[in-house]
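Data block for upload.pdb (PDB, C-alpha atoms and all ligand atoms):
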ATOM      1  CA  MET A   1     100.869 102.726 114.034  1.00  0.00           C
ATOM      2  CA  PRO A   2     102.227  99.155 114.140  1.00  0.00           C
ATOM      3  CA  LEU A   3     101.336  96.998 111.178  1.00  0.00           C
ATOM      4  CA  SER A   4      98.783  94.363 111.891  1.00  0.00           C
ATOM      5  CA  ASN A   5      97.199  91.690 109.767  1.00  0.00           C
ATOM      6  CA  SER A   6      93.789  92.497 111.147  1.00  0.00           C
ATOM      7  CA  TYR A   7      91.880  95.681 110.297  1.00  0.00           C
ATOM      8  CA  ARG A   8      88.308  96.873 110.556  1.00  0.00           C
ATOM      9  CA  VAL A   9      88.654  98.095 106.943  1.00  0.00           C
ATOM     10  CA  ALA A  10      91.205  96.763 104.431  1.00  0.00           C
ATOM     11  CA  ILE A  11      91.600  98.773 101.217  1.00  0.00           C
ATOM     12  CA  VAL A  12      93.228  97.208  98.160  1.00  0.00           C
ATOM     13  CA  GLY A  13      95.320  99.758  96.266  1.00  0.00           C
ATOM     14  CA  GLY A  14      96.812 102.989  97.547  1.00  0.00           C
ATOM     15  CA  GLY A  15      96.161 105.022  94.409  1.00  0.00           C
ATOM     16  CA  ASN A  16      93.906 108.065  94.297  1.00  0.00           C
ATOM     17  CA  ALA A  17      90.803 106.072  95.199  1.00  0.00           C
ATOM     18  CA  GLY A  18      92.337 104.056  98.028  1.00  0.00           C
ATOM     19  CA  ILE A  19      94.092 107.008  99.645  1.00  0.00           C
ATOM     20  CA  SER A  20      90.994 109.226  99.353  1.00  0.00           C
ATOM     21  CA  LEU A  21      88.812 106.537 100.889  1.00  0.00           C
ATOM     22  CA  ALA A  22      91.240 105.922 103.744  1.00  0.00           C
ATOM     23  CA  ALA A  23      91.433 109.660 104.498  1.00  0.00           C
ATOM     24  CA  ARG A  24      87.661 110.076 104.410  1.00  0.00           C
ATOM     25  CA  LEU A  25      87.108 107.097 106.703  1.00  0.00           C
ATOM     26  CA  ARG A  26      89.716 108.467 109.131  1.00  0.00           C
ATOM     27  CA  ARG A  27      87.945 111.839 109.153  1.00  0.00           C
ATOM     28  CA  ALA A  28      84.643 110.058 109.754  1.00  0.00           C
ATOM     29  CA  GLY A  29      86.101 108.372 112.827  1.00  0.00           C
ATOM     30  CA  THR A  30      87.181 104.941 111.600  1.00  0.00           C
ATOM     31  CA  THR A  31      90.486 104.205 113.292  1.00  0.00           C
ATOM     32  CA  ASP A  32      91.487 100.720 112.198  1.00  0.00           C
ATOM     33  CA  ILE A  33      92.276 100.915 108.476  1.00  0.00           C
ATOM     34  CA  GLY A  34      94.890  99.098 106.393  1.00  0.00           C
ATOM     35  CA  VAL A  35      95.879  99.875 102.789  1.00  0.00           C
ATOM     36  CA  ILE A  36      97.424  97.087 100.702  1.00  0.00           C
ATOM     37  CA  GLU A  37      99.732  98.785  98.205  1.00  0.00           C
ATOM     38  CA  PRO A  38     103.010  97.400  96.827  1.00  0.00           C
ATOM     39  CA  ALA A  39     104.335 100.549  95.122  1.00  0.00           C
ATOM     40  CA  GLU A  40     106.703 103.041  96.760  1.00  0.00           C
ATOM     41  CA  SER A  41     105.449 105.815  94.447  1.00  0.00           C
ATOM     42  CA  HIS A  42     102.039 107.396  94.043  1.00  0.00           C
ATOM     43  CA  PHE A  43     101.088 109.132  90.785  1.00  0.00           C
ATOM     44  CA  TYR A  44      98.483 111.870  90.377  1.00  0.00           C
ATOM     45  CA  GLN A  45      97.280 110.753  86.934  1.00  0.00           C
ATOM     46  CA  PRO A  46      95.098 113.803  86.030  1.00  0.00           C
ATOM     47  CA  LEU A  47      98.319 115.832  85.780  1.00  0.00           C
ATOM     48  CA  TRP A  48      99.426 113.585  82.911  1.00  0.00           C
ATOM     49  CA  THR A  49      97.014 115.464  80.618  1.00  0.00           C
ATOM     50  CA  LEU A  50      99.109 118.592  81.207  1.00  0.00           C
ATOM     51  CA  VAL A  51     102.304 116.549  80.815  1.00  0.00           C
ATOM     52  CA  GLY A  52     101.073 115.368  77.403  1.00  0.00           C
ATOM     53  CA  GLY A  53     100.262 118.963  76.530  1.00  0.00           C
ATOM     54  CA  GLY A  54     103.749 120.073  77.489  1.00  0.00           C
ATOM     55  CA  CYS A  55     102.607 122.231  80.423  1.00  0.00           C
ATOM     56  CA  ALA A  56     103.938 120.077  83.288  1.00  0.00           C
ATOM     57  CA  GLN A  57     106.732 117.627  84.013  1.00  0.00           C
ATOM     58  CA  ALA A  58     105.903 113.939  84.605  1.00  0.00           C
ATOM     59  CA  ALA A  59     108.024 113.987  87.770  1.00  0.00           C
ATOM     60  CA  GLN A  60     105.607 116.526  89.286  1.00  0.00           C
ATOM     61  CA  SER A  61     102.899 113.842  89.362  1.00  0.00           C
ATOM     62  CA  ARG A  62     104.979 111.565  91.610  1.00  0.00           C
ATOM     63  CA  ARG A  63     104.864 111.499  95.399  1.00  0.00           C
ATOM     64  CA  SER A  64     106.262 108.881  97.717  1.00  0.00           C
ATOM     65  CA  GLU A  65     103.502 106.540  98.830  1.00  0.00           C
ATOM     66  CA  ALA A  66     104.550 107.162 102.437  1.00  0.00           C
ATOM     67  CA  SER A  67     103.878 110.889 102.057  1.00  0.00           C
ATOM     68  CA  VAL A  68     100.292 110.403 100.851  1.00  0.00           C
ATOM     69  CA  MET A  69      99.332 107.646 103.278  1.00  0.00           C
ATOM     70  CA  PRO A  70      96.976 109.234 105.837  1.00  0.00           C
ATOM     71  CA  ARG A  71      98.364 109.362 109.365  1.00  0.00           C
ATOM     72  CA  GLY A  72      97.217 106.460 111.494  1.00  0.00           C
ATOM     73  CA  VAL A  73      96.510 104.179 108.536  1.00  0.00           C
ATOM     74  CA  GLY A  74      98.424 100.891 108.276  1.00  0.00           C
ATOM     75  CA  TRP A  75     100.356 100.298 105.052  1.00  0.00           C
ATOM     76  CA  ILE A  76     100.723  96.689 103.937  1.00  0.00           C
ATOM     77  CA  LYS A  77     103.474  96.818 101.294  1.00  0.00           C
ATOM     78  CA  ASP A  78     102.368  93.854  99.225  1.00  0.00           C
ATOM     79  CA  HIS A  79     100.214  92.847  96.263  1.00  0.00           C
ATOM     80  CA  ALA A  80      96.687  91.668  96.970  1.00  0.00           C
ATOM     81  CA  GLN A  81      96.378  88.321  95.284  1.00  0.00           C
ATOM     82  CA  GLU A  82      93.127  86.717  96.380  1.00  0.00           C
ATOM     83  CA  LEU A  83      89.940  88.134  97.896  1.00  0.00           C
ATOM     84  CA  ASP A  84      87.558  85.914  99.832  1.00  0.00           C
ATOM     85  CA  PRO A  85      84.406  87.961 100.522  1.00  0.00           C
ATOM     86  CA  GLY A  86      82.808  85.157 102.540  1.00  0.00           C
ATOM     87  CA  ALA A  87      85.731  84.871 104.929  1.00  0.00           C
ATOM     88  CA  GLN A  88      86.411  88.652 104.634  1.00  0.00           C
ATOM     89  CA  THR A  89      90.086  88.050 103.949  1.00  0.00           C
ATOM     90  CA  VAL A  90      92.618  89.265 101.408  1.00  0.00           C
ATOM     91  CA  THR A  91      95.627  87.057 100.742  1.00  0.00           C
ATOM     92  CA  THR A  92      98.727  88.852  99.554  1.00  0.00           C
ATOM     93  CA  ARG A  93     101.380  87.674  97.131  1.00  0.00           C
ATOM     94  CA  SER A  94     103.740  86.941 100.017  1.00  0.00           C
ATOM     95  CA  GLY A  95     101.077  84.738 101.595  1.00  0.00           C
ATOM     96  CA  THR A  96      99.946  87.085 104.353  1.00  0.00           C
ATOM     97  CA  SER A  97      96.280  86.890 105.221  1.00  0.00           C
ATOM     98  CA  VAL A  98      94.705  90.281 105.930  1.00  0.00           C
ATOM     99  CA  LEU A  99      91.485  89.972 107.885  1.00  0.00           C
TER     100      LEU A  99
HETATM  101  C1  LIG B 101      95.855 111.067  81.532  1.00  0.00           C
HETATM  102  C2  LIG B 101      94.776 110.968  82.577  1.00  0.00           C
HETATM  103  C3  LIG B 101      94.030 112.094  82.916  1.00  0.00           C
HETATM  104  C4  LIG B 101      93.027 112.021  83.865  1.00  0.00           C
HETATM  105  N1  LIG B 101      92.319 113.140  84.177  1.00  0.00           N
HETATM  106  C5  LIG B 101      91.359 113.099  85.122  1.00  0.00           C
HETATM  107  C6  LIG B 101      90.623 114.242  85.511  1.00  0.00           C
HETATM  108  O1  LIG B 101      90.841 115.330  85.002  1.00  0.00           O
HETATM  109  N2  LIG B 101      89.656 114.122  86.473  1.00  0.00           N
HETATM  110  C7  LIG B 101      89.399 112.924  87.070  1.00  0.00           C
HETATM  111  O2  LIG B 101      88.524 112.850  87.937  1.00  0.00           O
HETATM  112  N3  LIG B 101      90.085 111.812  86.739  1.00  0.00           N
HETATM  113  C8  LIG B 101      91.050 111.867  85.787  1.00  0.00           C
HETATM  114  N4  LIG B 101      91.734 110.734  85.450  1.00  0.00           N
HETATM  115  C9  LIG B 101      91.337 109.488  86.069  1.00  0.00           C
HETATM  116  C10 LIG B 101      91.905 109.343  87.461  1.00  0.00           C
HETATM  117  O3  LIG B 101      93.295 109.645  87.471  1.00  0.00           O
HETATM  118  C11 LIG B 101      91.706 107.905  87.833  1.00  0.00           C
HETATM  119  O4  LIG B 101      90.325 107.624  87.784  1.00  0.00           O
HETATM  120  C12 LIG B 101      92.204 107.623  89.224  1.00  0.00           C
HETATM  121  O5  LIG B 101      93.592 107.867  89.335  1.00  0.00           O
HETATM  122  C13 LIG B 101      91.939 106.194  89.530  1.00  0.00           C
HETATM  123  O6  LIG B 101      92.323 105.986  90.839  1.00  0.00           O
HETATM  124  P1  LIG B 101      92.501 104.536  91.362  1.00  0.00           P
HETATM  125  O7  LIG B 101      92.934 104.636  92.796  1.00  0.00           O
HETATM  126  O8  LIG B 101      91.302 103.712  91.015  1.00  0.00           O
HETATM  127  O9  LIG B 101      93.688 103.939  90.452  1.00  0.00           O
HETATM  128  P2  LIG B 101      95.228 104.306  90.540  1.00  0.00           P
HETATM  129  O10 LIG B 101      95.439 105.712  90.968  1.00  0.00           O
HETATM  130  O11 LIG B 101      95.778 103.830  89.223  1.00  0.00           O
HETATM  131  O12 LIG B 101      95.753 103.377  91.706  1.00  0.00           O
HETATM  132  C14 LIG B 101      95.707 101.975  91.650  1.00  0.00           C
HETATM  133  C15 LIG B 101      96.678 101.480  92.717  1.00  0.00           C
HETATM  134  O13 LIG B 101      96.495 100.092  92.895  1.00  0.00           O
HETATM  135  C16 LIG B 101      97.769  99.505  93.074  1.00  0.00           C
HETATM  136  N5  LIG B 101      97.664  98.086  92.739  1.00  0.00           N
HETATM  137  C17 LIG B 101      97.616  97.506  91.524  1.00  0.00           C
HETATM  138  N6  LIG B 101      97.517  96.182  91.643  1.00  0.00           N
HETATM  139  C18 LIG B 101      97.485  95.931  92.991  1.00  0.00           C
HETATM  140  C19 LIG B 101      97.384  94.713  93.773  1.00  0.00           C
HETATM  141  N7  LIG B 101      97.293  93.500  93.210  1.00  0.00           N
HETATM  142  N8  LIG B 101      97.362  94.819  95.122  1.00  0.00           N
HETATM  143  C20 LIG B 101      97.444  96.048  95.736  1.00  0.00           C
HETATM  144  N9  LIG B 101      97.556  97.204  95.032  1.00  0.00           N
HETATM  145  C21 LIG B 101      97.569  97.135  93.682  1.00  0.00           C
HETATM  146  C22 LIG B 101      98.690 100.297  92.144  1.00  0.00           C
HETATM  147  O14 LIG B 101     100.050 100.183  92.527  1.00  0.00           O
HETATM  148  C23 LIG B 101      98.140 101.706  92.332  1.00  0.00           C
HETATM  149  O15 LIG B 101      98.805 102.420  93.355  1.00  0.00           O
HETATM  150  C24 LIG B 101      92.770 110.782  84.495  1.00  0.00           C
HETATM  151  C25 LIG B 101      93.532 109.652  84.177  1.00  0.00           C
HETATM  152  C26 LIG B 101      94.537 109.731  83.254  1.00  0.00           C
HETATM  153  C27 LIG B 101      95.367 108.487  82.924  1.00  0.00           C
END

If you took the structure in this file and wrote it as structure tokens, what would it be?
Ligand SMILES: Cc1cc2nc3c(=O)[nH]c(=O)nc-3n(C[C@H](O)[C@H](O)[C@H](O)COP(=O)(O)OP(=O)(O)OC[C@H]3O[C@@H](n4cnc5c(N)ncnc54)[C@H](O)[C@@H]3O)c2cc1C
Amino acid sequence: MPLSNSYRVAIVGGGNAGISLAARLRRAGTTDIGVIEPAESHFYQPLWTLVGGGCAQAAQSRRSEASVMPRGVGWIKDHAQELDPGAQTVTTRSGTSVL
């Protein structure tokens, strides 16, 4: 899916919450979704309890962000910097306006 600066739904953060929401919206039929996430890696934090307890390796909690991004969802690799609810825009650190 080509990246666009205009989405029906823009999600800030591609962590567990953002990725889950994007996947659920896709399953519910929403097709025009963008996730603003600067990191190349995604971490499944609940596993860290087992890492602390010596039952798992920290590296097991890491996935590439690309591998967890739901198919058909746009990935804006940038930091969200400013949200304007009135204008329904998110401005990223690089100055891109996501509508
Ligand atoms: C040790 C530990 C054990 C846990 N155990 C459990 C458990 O057993 N059960 C449970 O339900 N929960 C558990 N949790 C909590 C659960 O992991 C978190 O609630 C969940 O990961 C939060 O998801 P999130 O998407 O809000 O945040 P995160 O997964 O932290 O994702 C936030 C994302 O936002 C991105 N981001 C940050 N700033 C910006 C920006 N300016 N613009 C764009 N993106 C940005 C980050 O790069 C990151 O990818 C645990 C947490 C920890 C630390």

Write out as a ChimeraX atom specification each polymer residue (protein, DNA or RNA) that has an atom no more than 10 Å from ligand LIG 101 (chain B), with only C-alpha atoms and all ligand atoms counted. /A:11-21,35-52,65,76-82,90-93

For the atom pair CA of Ser94 in chain A and CA of Ser67 in chain A, what is the interatomic distance in Å to one decimal place? 24.0 Å

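Interatomic distance, CA of Arg27 in chain A against CA of Gly86 in chain A: 28.0 Å.
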
Shortest interatomic distance to Val98 in chain A - which of A:Val9, A:Met69, A:Ala56, A:Leu25, counting only C-alpha atoms: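 Checking each candidate against Val98 in chain A, we get A:Val9 as the closest.
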
Nearby residues (all atoms listed in the file) at most 9 Å from Ser6 in chain A, same-chain spacing under 5 positions excluded, as a ChimeraX atom specification: /A:32-34,97-99

Which residue of A:Thr96, A:Pro70, A:Ala58, A:Gly29 approaches Leu83 in chain A most closely, using only C-alpha atoms: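 Smallest distance to Leu83 in chain A is found for A:Thr96.
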
When you draw a straight line from CA of Tyr7 in chain A to CA of Arg63 in chain A, how long is it in Å? 25.3 Å

Residue by residue, what does the PyMOL selection byres (((chain A and resi 71) around 9) and not hetatm) grab here? Present the result as a list in words.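 Selected by the PyMOL selection byres (((chain A and resi 71) around 9) and not hetatm) in this file: Met1, Ala23, Arg26, Val68, Met69, Pro70, Gly72, Val73 and Gly74 of chain A.
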
Please produce a file of the residues just selected, as a short mmCIF file (atom, residue, chain, number, x, y, z; two decimals), in the frame of the given file, where the atoms kept are C-alpha atoms.
data_model
loop_
_atom_site.label_atom_id
_atom_site.label_comp_id
_atom_site.auth_asym_id
_atom_site.auth_seq_id
_atom_site.Cartn_x
_atom_site.Cartn_y
_atom_site.Cartn_z
CA MET A 1 100.87 102.73 114.03
CA ALA A 23 91.43 109.66 104.50
CA ARG A 26 89.72 108.47 109.13
CA VAL A 68 100.29 110.40 100.85
CA MET A 69 99.33 107.65 103.28
CA PRO A 70 96.98 109.23 105.84
CA GLY A 72 97.22 106.46 111.49
CA VAL A 73 96.51 104.18 108.54
CA GLY A 74 98.42 100.89 108.28
#

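Counting all atoms listed in the file and comparing A:Ala10, A:Ala66, A:Cys55, A:Ala87, the residue that lies closest to Ala22 in chain A is A:Ala10.
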